[in-house]
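*Asks:* Supplied in structure tokens, the structure appears directly below.
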Amino acid sequence: MELLKQRIMKDGHVKPGNIIKVDSFLNHQMDIVLMNEIGKEFARLFADQPITKVLTIEASGIGIAAIAAQHFGNAPVVFAKKTQSKNLDGELYISQVESFTRGTVCDIQVSKKFITSDDCVLILDDFLAKGKALLGLIDIVKQSGAKFAGCGIVIEKGWQDGGEVLREKGIRLESLAIIDKADETGFTFRD
């Protein structure tokens, strides 16, 4: 997605440890016009699927999923919670994930009442590094018995193995920008 790549080159930065910082437009402050274009692109890429739910993980995936969901007939957005809450009641789907950025492992949880075997679920998130969060979300979809439509990622870190791992498993993965190199000199994108 050329508009996204241009924005990454203009406003993206790289922190030590190959952390891509795009907080001025994607995952802290959001450029709503850009987010809407991202949503349209995901809708185009997954137009062959009858999406009934969009699933993401808290917190930075929520904005992307919510705006994109409008382009899937206002499908409800469900987000996996990373911490146990008194608001989570009833039976839960639970899967364990490791966060590359935070360096932590946690149980993600979704109430069983929000994803059922009648659903067709699209998973959306902001970044793909090692693929652990996506694998946890896919596990939740499998536990529910819902149809799994695939995964949409805004930015894939191509130098890490998450995309390769998922693709080797036969998982449909649509990344809007794949960055193969990110350092103080800039970004190199995969075509």
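Just so we're on the same page: first chain in the structure tokens is A, next is B, and so on; residues restart at 1 for each chain, and ligands are numbered from 1 in the order they show up.
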Residues near A:Ile20, anyone? I mean within 9 Å using only C-alpha atoms, not counting same-chain ones fewer than 6 positions away, as number ranges by chain.

*Replies:* A: 12-14, 157, 182-183

*Asks:* Write out the residues from the selection above, keeping all heavy atoms, as a PDB file, in the first residue's frame.

*Replies:*
ATOM      1  N   GLY A  12       8.064   7.596  10.210  1.00  0.00           N
ATOM      2  CA  GLY A  12       8.527   6.461  11.004  1.00  0.00           C
ATOM      3  C   GLY A  12       9.962   6.638  11.471  1.00  0.00           C
ATOM      4  O   GLY A  12      10.753   7.343  10.849  1.00  0.00           O
ATOM      5  N   HIS A  13      10.268   6.008  12.587  1.00  0.00           N
ATOM      6  CA  HIS A  13      11.621   6.042  13.150  1.00  0.00           C
ATOM      7  C   HIS A  13      11.973   4.640  13.630  1.00  0.00           C
ATOM      8  O   HIS A  13      11.093   3.829  13.896  1.00  0.00           O
ATOM      9  CB  HIS A  13      11.699   7.012  14.333  1.00  0.00           C
ATOM     10  CG  HIS A  13      11.249   8.395  14.002  1.00  0.00           C
ATOM     11  ND1 HIS A  13      12.020   9.288  13.306  1.00  0.00           N
ATOM     12  CD2 HIS A  13      10.082   9.031  14.253  1.00  0.00           C
ATOM     13  CE1 HIS A  13      11.356  10.412  13.143  1.00  0.00           C
ATOM     14  NE2 HIS A  13      10.170  10.279  13.707  1.00  0.00           N
ATOM     15  N   VAL A  14      13.266   4.388  13.773  1.00  0.00           N
ATOM     16  CA  VAL A  14      13.730   3.103  14.281  1.00  0.00           C
ATOM     17  C   VAL A  14      14.445   3.331  15.603  1.00  0.00           C
ATOM     18  O   VAL A  14      15.356   4.160  15.689  1.00  0.00           O
ATOM     19  CB  VAL A  14      14.667   2.401  13.277  1.00  0.00           C
ATOM     20  CG1 VAL A  14      15.119   1.054  13.824  1.00  0.00           C
ATOM     21  CG2 VAL A  14      13.989   2.242  11.927  1.00  0.00           C
ATOM     22  N   LYS A 157       7.384  -6.948   9.875  1.00  0.00           N
ATOM     23  CA  LYS A 157       8.837  -6.854   9.958  1.00  0.00           C
ATOM     24  C   LYS A 157       9.417  -8.056   9.219  1.00  0.00           C
ATOM     25  O   LYS A 157       9.531  -9.147   9.774  1.00  0.00           O
ATOM     26  CB  LYS A 157       9.289  -6.842  11.417  1.00  0.00           C
ATOM     27  CG  LYS A 157       8.799  -5.614  12.176  1.00  0.00           C
ATOM     28  CD  LYS A 157       9.220  -5.688  13.633  1.00  0.00           C
ATOM     29  CE  LYS A 157       8.769  -4.485  14.404  1.00  0.00           C
ATOM     30  NZ  LYS A 157       9.212  -4.545  15.815  1.00  0.00           N
ATOM     31  N   ALA A 182      15.194  -1.895   8.466  1.00  0.00           N
ATOM     32  CA  ALA A 182      14.877  -0.647   9.144  1.00  0.00           C
ATOM     33  C   ALA A 182      16.059  -0.273  10.026  1.00  0.00           C
ATOM     34  O   ALA A 182      16.455  -1.029  10.896  1.00  0.00           O
ATOM     35  CB  ALA A 182      13.614  -0.797   9.984  1.00  0.00           C
ATOM     36  N   ASP A 183      16.653   0.885   9.751  1.00  0.00           N
ATOM     37  CA  ASP A 183      17.752   1.381  10.568  1.00  0.00           C
ATOM     38  C   ASP A 183      17.800   2.904  10.472  1.00  0.00           C
ATOM     39  O   ASP A 183      16.885   3.519   9.914  1.00  0.00           O
ATOM     40  CB  ASP A 183      19.089   0.735  10.187  1.00  0.00           C
ATOM     41  CG  ASP A 183      19.495   0.976   8.744  1.00  0.00           C
ATOM     42  OD1 ASP A 183      19.070   1.996   8.145  1.00  0.00           O
ATOM     43  OD2 ASP A 183      20.244   0.160   8.193  1.00  0.00           O
TER      44      ASP A 183
END

*Asks:* Compile the contact shell of A:Glu156 as a ChimeraX atom specification: residues with an atom at most 6 Å away, counting only C-alpha atoms, same-chain residues fewer than 3 positions apart removed.

*Replies:* /A:127-128,178

*Asks:* Leaving out A:Lys169 and any residue of its chain fewer than 3 positions from it, which residues lie within 12 Å of it when counting only C-alpha atoms, given as a PyMOL selection string?

*Replies:* chain A and resi 131+135+138+150+162-166+172-173

*Asks:* Using N, CA, C and O atoms, can you write the selected residues to a file as a PDB file, in the first residue's frame?

*Replies:*
ATOM      1  N   GLY A 131       5.112 -13.400  15.194  1.00  0.00           N
ATOM      2  CA  GLY A 131       3.868 -14.116  14.898  1.00  0.00           C
ATOM      3  C   GLY A 131       3.169 -14.721  16.095  1.00  0.00           C
ATOM      4  O   GLY A 131       2.133 -15.372  15.947  1.00  0.00           O
ATOM      5  N   LEU A 135      -0.695 -16.197  16.248  1.00  0.00           N
ATOM      6  CA  LEU A 135      -0.918 -17.618  16.516  1.00  0.00           C
ATOM      7  C   LEU A 135      -1.866 -17.808  17.698  1.00  0.00           C
ATOM      8  O   LEU A 135      -2.716 -18.706  17.686  1.00  0.00           O
ATOM      9  N   ILE A 138      -5.345 -16.971  16.374  1.00  0.00           N
ATOM     10  CA  ILE A 138      -5.801 -18.071  15.518  1.00  0.00           C
ATOM     11  C   ILE A 138      -6.262 -19.242  16.384  1.00  0.00           C
ATOM     12  O   ILE A 138      -7.278 -19.882  16.096  1.00  0.00           O
ATOM     13  N   GLY A 150      -8.517 -15.347   7.719  1.00  0.00           N
ATOM     14  CA  GLY A 150      -7.124 -14.981   7.492  1.00  0.00           C
ATOM     15  C   GLY A 150      -6.717 -13.854   8.418  1.00  0.00           C
ATOM     16  O   GLY A 150      -7.471 -13.444   9.307  1.00  0.00           O
ATOM     17  N   GLY A 162       8.131 -14.128  11.662  1.00  0.00           N
ATOM     18  CA  GLY A 162       6.703 -14.325  11.881  1.00  0.00           C
ATOM     19  C   GLY A 162       5.921 -14.587  10.606  1.00  0.00           C
ATOM     20  O   GLY A 162       5.116 -15.522  10.536  1.00  0.00           O
ATOM     21  N   GLY A 163       6.145 -13.773   9.584  1.00  0.00           N
ATOM     22  CA  GLY A 163       5.437 -13.956   8.314  1.00  0.00           C
ATOM     23  C   GLY A 163       5.749 -15.286   7.676  1.00  0.00           C
ATOM     24  O   GLY A 163       4.855 -15.990   7.179  1.00  0.00           O
ATOM     25  N   GLU A 164       7.011 -15.666   7.704  1.00  0.00           N
ATOM     26  CA  GLU A 164       7.431 -16.943   7.128  1.00  0.00           C
ATOM     27  C   GLU A 164       6.797 -18.116   7.868  1.00  0.00           C
ATOM     28  O   GLU A 164       6.289 -19.058   7.249  1.00  0.00           O
ATOM     29  N   VAL A 165       6.788 -18.049   9.204  1.00  0.00           N
ATOM     30  CA  VAL A 165       6.192 -19.117  10.013  1.00  0.00           C
ATOM     31  C   VAL A 165       4.717 -19.287   9.670  1.00  0.00           C
ATOM     32  O   VAL A 165       4.235 -20.408   9.450  1.00  0.00           O
ATOM     33  N   LEU A 166       3.986 -18.183   9.609  1.00  0.00           N
ATOM     34  CA  LEU A 166       2.556 -18.249   9.324  1.00  0.00           C
ATOM     35  C   LEU A 166       2.286 -18.750   7.909  1.00  0.00           C
ATOM     36  O   LEU A 166       1.410 -19.600   7.695  1.00  0.00           O
ATOM     37  N   ARG A 172      -3.482 -17.697   5.542  1.00  0.00           N
ATOM     38  CA  ARG A 172      -3.631 -16.545   4.655  1.00  0.00           C
ATOM     39  C   ARG A 172      -3.213 -15.295   5.420  1.00  0.00           C
ATOM     40  O   ARG A 172      -3.790 -14.952   6.449  1.00  0.00           O
ATOM     41  N   LEU A 173      -2.207 -14.618   4.903  1.00  0.00           N
ATOM     42  CA  LEU A 173      -1.635 -13.442   5.554  1.00  0.00           C
ATOM     43  C   LEU A 173      -1.503 -12.335   4.526  1.00  0.00           C
ATOM     44  O   LEU A 173      -0.834 -12.510   3.512  1.00  0.00           O
TER      45      LEU A 173
END

*Asks:* Residues at most 8 Å from A:Asn27, counting only C-alpha atoms, excluding those fewer than 6 positions away in the same chain, as a list in words?

*Replies:* Ser60, Gly61 and Asp126 of chain A

*Asks:* Limited to N, CA, C and O atoms, could you put the picked residues into a file as a PDB file, in the first residue's frame?

*Replies:*
ATOM      1  N   SER A  60      -3.190  -1.753  20.693  1.00  0.00           N
ATOM      2  CA  SER A  60      -2.990  -0.981  19.465  1.00  0.00           C
ATOM      3  C   SER A  60      -3.726  -1.537  18.255  1.00  0.00           C
ATOM      4  O   SER A  60      -3.900  -0.831  17.267  1.00  0.00           O
ATOM      5  N   GLY A  61      -4.211  -2.759  18.303  1.00  0.00           N
ATOM      6  CA  GLY A  61      -4.971  -3.298  17.184  1.00  0.00           C
ATOM      7  C   GLY A  61      -6.416  -2.837  17.164  1.00  0.00           C
ATOM      8  O   GLY A  61      -7.087  -2.929  16.130  1.00  0.00           O
ATOM      9  N   ASP A 126      -1.661  -4.394  14.121  1.00  0.00           N
ATOM     10  CA  ASP A 126      -0.791  -3.360  13.589  1.00  0.00           C
ATOM     11  C   ASP A 126       0.547  -3.911  13.099  1.00  0.00           C
ATOM     12  O   ASP A 126       0.972  -3.584  11.997  1.00  0.00           O
TER      13      ASP A 126
END

*Asks:* Extract the full set of strand (DSSP E or B) residues from stretch 54-191 of chain A according to DSSP on the backbone, and format it as a PyMOL selection string.

*Replies:* chain A and resi 54-57+77-81+92-99+104-111+120-128+147-157+173-183+186-189

*Asks:* Do you know which residues are at most 12 Å from A:Asp107 counting only C-alpha atoms, after dropping those on the same chain fewer than 4 positions away, and could you put them as a VMD selection string?

*Replies:* chain A and resid 57 80 to 84 92 to 99 132 to 133 136 to 137 139 to 140

*Asks:* Selected residues, N, CA and C atoms, written as a PDB file, in the first residue's frame, please.

*Replies:*
ATOM      1  N   ILE A  57      -6.123  -7.840  19.196  1.00  0.00           N
ATOM      2  CA  ILE A  57      -5.614  -7.956  20.557  1.00  0.00           C
ATOM      3  C   ILE A  57      -5.433  -6.548  21.109  1.00  0.00           C
ATOM      4  N   ALA A  80      -9.063  -9.461  22.130  1.00  0.00           N
ATOM      5  CA  ALA A  80      -8.576 -10.325  23.198  1.00  0.00           C
ATOM      6  C   ALA A  80      -7.956  -9.457  24.277  1.00  0.00           C
ATOM      7  N   LYS A  81      -8.340  -9.734  25.505  1.00  0.00           N
ATOM      8  CA  LYS A  81      -7.790  -9.010  26.643  1.00  0.00           C
ATOM      9  C   LYS A  81      -6.543  -9.729  27.138  1.00  0.00           C
ATOM     10  N   LYS A  82      -5.566  -8.932  27.555  1.00  0.00           N
ATOM     11  CA  LYS A  82      -4.294  -9.480  28.016  1.00  0.00           C
ATOM     12  C   LYS A  82      -4.245  -9.712  29.524  1.00  0.00           C
ATOM     13  N   THR A  83      -5.220  -9.190  30.227  1.00  0.00           N
ATOM     14  CA  THR A  83      -5.232  -9.364  31.675  1.00  0.00           C
ATOM     15  C   THR A  83      -6.615  -9.800  32.133  1.00  0.00           C
ATOM     16  N   GLN A  84      -6.648 -10.555  33.204  1.00  0.00           N
ATOM     17  CA  GLN A  84      -7.913 -10.969  33.804  1.00  0.00           C
ATOM     18  C   GLN A  84      -8.613  -9.739  34.363  1.00  0.00           C
ATOM     19  N   LEU A  92     -14.492 -18.655  28.814  1.00  0.00           N
ATOM     20  CA  LEU A  92     -13.522 -17.911  28.024  1.00  0.00           C
ATOM     21  C   LEU A  92     -12.726 -18.829  27.107  1.00  0.00           C
ATOM     22  N   TYR A  93     -12.345 -18.281  25.956  1.00  0.00           N
ATOM     23  CA  TYR A  93     -11.298 -18.891  25.147  1.00  0.00           C
ATOM     24  C   TYR A  93     -10.004 -18.259  25.651  1.00  0.00           C
ATOM     25  N   ILE A  94      -8.999 -19.085  25.901  1.00  0.00           N
ATOM     26  CA  ILE A  94      -7.728 -18.587  26.436  1.00  0.00           C
ATOM     27  C   ILE A  94      -6.590 -19.171  25.612  1.00  0.00           C
ATOM     28  N   SER A  95      -5.627 -18.324  25.288  1.00  0.00           N
ATOM     29  CA  SER A  95      -4.430 -18.770  24.589  1.00  0.00           C
ATOM     30  C   SER A  95      -3.247 -17.966  25.122  1.00  0.00           C
ATOM     31  N   GLN A  96      -2.078 -18.574  25.119  1.00  0.00           N
ATOM     32  CA  GLN A  96      -0.886 -17.915  25.642  1.00  0.00           C
ATOM     33  C   GLN A  96      -0.092 -17.301  24.494  1.00  0.00           C
ATOM     34  N   VAL A  97       0.347 -16.036  24.683  1.00  0.00           N
ATOM     35  CA  VAL A  97       1.139 -15.359  23.656  1.00  0.00           C
ATOM     36  C   VAL A  97       2.337 -14.657  24.276  1.00  0.00           C
ATOM     37  N   GLU A  98       3.349 -14.502  23.461  1.00  0.00           N
ATOM     38  CA  GLU A  98       4.556 -13.784  23.848  1.00  0.00           C
ATOM     39  C   GLU A  98       4.618 -12.496  23.047  1.00  0.00           C
ATOM     40  N   SER A  99       4.861 -11.375  23.702  1.00  0.00           N
ATOM     41  CA  SER A  99       4.974 -10.089  23.034  1.00  0.00           C
ATOM     42  C   SER A  99       6.435  -9.798  22.723  1.00  0.00           C
ATOM     43  N   LYS A 132       3.687 -14.502  17.282  1.00  0.00           N
ATOM     44  CA  LYS A 132       3.127 -15.140  18.481  1.00  0.00           C
ATOM     45  C   LYS A 132       1.707 -14.656  18.785  1.00  0.00           C
ATOM     46  N   ALA A 133       1.466 -13.354  18.662  1.00  0.00           N
ATOM     47  CA  ALA A 133       0.118 -12.825  18.939  1.00  0.00           C
ATOM     48  C   ALA A 133      -0.884 -13.387  17.939  1.00  0.00           C
ATOM     49  N   GLY A 136      -1.751 -16.960  18.720  1.00  0.00           N
ATOM     50  CA  GLY A 136      -2.672 -17.028  19.853  1.00  0.00           C
ATOM     51  C   GLY A 136      -4.097 -16.686  19.442  1.00  0.00           C
ATOM     52  N   LEU A 137      -4.249 -15.665  18.598  1.00  0.00           N
ATOM     53  CA  LEU A 137      -5.587 -15.295  18.121  1.00  0.00           C
ATOM     54  C   LEU A 137      -6.174 -16.378  17.224  1.00  0.00           C
ATOM     55  N   ASP A 139      -5.522 -19.522  17.452  1.00  0.00           N
ATOM     56  CA  ASP A 139      -5.906 -20.585  18.377  1.00  0.00           C
ATOM     57  C   ASP A 139      -7.294 -20.307  18.969  1.00  0.00           C
ATOM     58  N   ILE A 140      -7.564 -19.064  19.318  1.00  0.00           N
ATOM     59  CA  ILE A 140      -8.883 -18.713  19.860  1.00  0.00           C
ATOM     60  C   ILE A 140      -9.968 -18.961  18.822  1.00  0.00           C
TER      61      ILE A 140
END

*Asks:* Restricting the calculation to only C-alpha atoms, which member of A:Cys120, A:Val54, A:Val154, A:Ala47 is positioned closest to A:Leu3?

*Replies:* A:Val154

*Asks:* So which residues touch A:Asp31 within 12 Å, counting only C-alpha atoms, skipping near sequence neighbours fewer than 4 positions away, as an MDAnalysis selection string?

*Replies:* chainID A and resid 4 7 11 22:27 35:38 63:64 67

*Asks:* Could the residues in this selection be written to a file with all heavy atoms, as a short mmCIF file (atom, residue, chain, number, x, y, z; two decimals), in the first residue's frame?

*Replies:*
data_model
loop_
_atom_site.label_atom_id
_atom_site.label_comp_id
_atom_site.auth_asym_id
_atom_site.auth_seq_id
_atom_site.Cartn_x
_atom_site.Cartn_y
_atom_site.Cartn_z
N LEU A 4 0.66 4.08 2.72
CA LEU A 4 1.22 3.66 4.00
C LEU A 4 2.74 3.69 3.97
O LEU A 4 3.39 4.20 4.88
CB LEU A 4 0.71 2.25 4.36
CG LEU A 4 1.31 1.63 5.62
CD1 LEU A 4 0.99 2.45 6.86
CD2 LEU A 4 0.80 0.19 5.76
N ARG A 7 4.03 7.18 4.24
CA ARG A 7 3.87 7.71 5.60
C ARG A 7 4.92 7.13 6.54
O ARG A 7 5.46 7.84 7.41
CB ARG A 7 2.46 7.43 6.11
CG ARG A 7 2.14 8.14 7.40
CD ARG A 7 2.18 9.67 7.23
NE ARG A 7 1.93 10.35 8.47
CZ ARG A 7 0.74 10.72 8.90
NH1 ARG A 7 -0.33 10.50 8.17
NH2 ARG A 7 0.62 11.33 10.05
N ASP A 11 7.33 9.67 8.50
CA ASP A 11 7.17 9.87 9.94
C ASP A 11 7.64 8.71 10.82
O ASP A 11 7.58 8.82 12.05
CB ASP A 11 5.70 10.15 10.26
CG ASP A 11 5.24 11.49 9.69
OD1 ASP A 11 6.04 12.43 9.66
OD2 ASP A 11 4.07 11.57 9.25
N VAL A 22 6.00 4.19 14.92
CA VAL A 22 5.05 4.86 14.03
C VAL A 22 3.89 5.41 14.87
O VAL A 22 2.75 5.44 14.42
CB VAL A 22 4.54 3.91 12.92
CG1 VAL A 22 5.64 3.61 11.92
CG2 VAL A 22 3.99 2.62 13.51
N ASP A 23 4.23 5.86 16.06
CA ASP A 23 3.20 6.28 17.00
C ASP A 23 2.54 7.60 16.63
O ASP A 23 1.46 7.92 17.14
CB ASP A 23 3.74 6.33 18.42
CG ASP A 23 4.89 7.29 18.60
OD1 ASP A 23 5.47 7.76 17.60
OD2 ASP A 23 5.24 7.58 19.78
N SER A 24 3.10 8.36 15.71
CA SER A 24 2.49 9.64 15.34
C SER A 24 1.31 9.47 14.40
O SER A 24 0.53 10.41 14.20
CB SER A 24 3.53 10.57 14.70
OG SER A 24 3.93 10.07 13.43
N PHE A 25 1.13 8.25 13.84
CA PHE A 25 0.01 8.06 12.92
C PHE A 25 -0.69 6.71 13.03
O PHE A 25 -1.77 6.53 12.48
CB PHE A 25 0.44 8.28 11.46
CG PHE A 25 1.48 7.32 10.96
CD1 PHE A 25 1.12 6.14 10.33
CD2 PHE A 25 2.83 7.62 11.08
CE1 PHE A 25 2.07 5.26 9.86
CE2 PHE A 25 3.79 6.74 10.60
CZ PHE A 25 3.42 5.56 9.99
N LEU A 26 -0.11 5.74 13.76
CA LEU A 26 -0.70 4.40 13.75
C LEU A 26 -1.11 3.86 15.11
O LEU A 26 -2.23 3.40 15.28
CB LEU A 26 0.25 3.40 13.06
CG LEU A 26 -0.26 1.98 12.90
CD1 LEU A 26 -1.44 1.94 11.92
CD2 LEU A 26 0.85 1.07 12.40
N ASN A 27 -0.20 3.88 16.08
CA ASN A 27 -0.52 3.15 17.30
C ASN A 27 -0.37 3.94 18.61
O ASN A 27 -0.26 3.35 19.67
CB ASN A 27 0.27 1.84 17.37
CG ASN A 27 1.76 2.05 17.27
OD1 ASN A 27 2.26 3.16 17.34
ND2 ASN A 27 2.49 0.97 17.11
N MET A 35 -6.07 5.61 8.38
CA MET A 35 -6.68 4.40 8.94
C MET A 35 -7.86 3.94 8.09
O MET A 35 -8.07 2.75 7.88
CB MET A 35 -7.13 4.62 10.38
CG MET A 35 -5.99 4.95 11.32
SD MET A 35 -4.86 3.58 11.52
CE MET A 35 -5.59 2.83 12.92
N ASN A 36 -8.64 4.89 7.59
CA ASN A 36 -9.78 4.56 6.75
C ASN A 36 -9.30 3.93 5.44
O ASN A 36 -9.90 2.96 4.95
CB ASN A 36 -10.64 5.79 6.48
CG ASN A 36 -11.98 5.43 5.90
OD1 ASN A 36 -12.67 4.55 6.41
ND2 ASN A 36 -12.35 6.09 4.83
N GLU A 37 -8.23 4.43 4.88
CA GLU A 37 -7.67 3.84 3.65
C GLU A 37 -7.15 2.43 3.92
O GLU A 37 -7.28 1.53 3.09
CB GLU A 37 -6.57 4.73 3.06
CG GLU A 37 -7.09 6.06 2.53
CD GLU A 37 -8.17 5.91 1.47
OE1 GLU A 37 -7.98 5.10 0.53
OE2 GLU A 37 -9.21 6.60 1.57
N ILE A 38 -6.55 2.22 5.09
CA ILE A 38 -6.10 0.89 5.50
C ILE A 38 -7.30 -0.05 5.59
O ILE A 38 -7.25 -1.18 5.11
CB ILE A 38 -5.33 0.98 6.84
CG1 ILE A 38 -3.95 1.61 6.60
CG2 ILE A 38 -5.21 -0.38 7.51
CD1 ILE A 38 -3.21 2.00 7.86
N GLY A 63 -7.98 0.19 17.34
CA GLY A 63 -8.33 1.29 16.43
C GLY A 63 -8.37 0.84 14.98
O GLY A 63 -9.30 1.17 14.23
N ILE A 64 -7.38 0.08 14.58
CA ILE A 64 -7.31 -0.44 13.21
C ILE A 64 -8.53 -1.31 12.92
O ILE A 64 -9.20 -1.17 11.90
CB ILE A 64 -6.01 -1.23 12.99
CG1 ILE A 64 -4.81 -0.30 13.11
CG2 ILE A 64 -6.01 -1.97 11.66
CD1 ILE A 64 -3.51 -0.98 13.42
N ILE A 67 -11.94 0.74 12.72
CA ILE A 67 -12.13 1.50 11.48
C ILE A 67 -12.30 0.55 10.30
O ILE A 67 -13.16 0.76 9.44
CB ILE A 67 -10.99 2.50 11.28
CG1 ILE A 67 -11.12 3.61 12.34
CG2 ILE A 67 -11.01 3.08 9.87
CD1 ILE A 67 -10.02 4.63 12.33
#

*Asks:* Got a sec: who's within 6 Å of A:Thr56, counting only C-alpha atoms, leaving out chain neighbours fewer than 4 positions off, as a count of residues only?

*Replies:* 5

*Asks:* Identify, with DSSP run on backbone atoms, the residues in chain A assigned to alpha helix (DSSP H), and express the list as a VMD selection string.

*Replies:* chain A and resid 2 to 11 32 to 45 60 to 69 132 to 144 162 to 168

*Asks:* Measuring atom to atom with only C-alpha atoms, identify which of A:Pro76, A:Gly152, A:Gly17, A:Gly145 is nearest to A:Gly39.

*Replies:*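 Among A:Pro76, A:Gly152, A:Gly17, A:Gly145, it is A:Gly152 that comes nearest to A:Gly39.
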
*Asks:* Looking at only C-alpha atoms, which of A:Thr104, A:Ile51, A:Lys10, A:Asn18 is the one that sits closest to A:Gly158?

*Replies:* A:Asn18
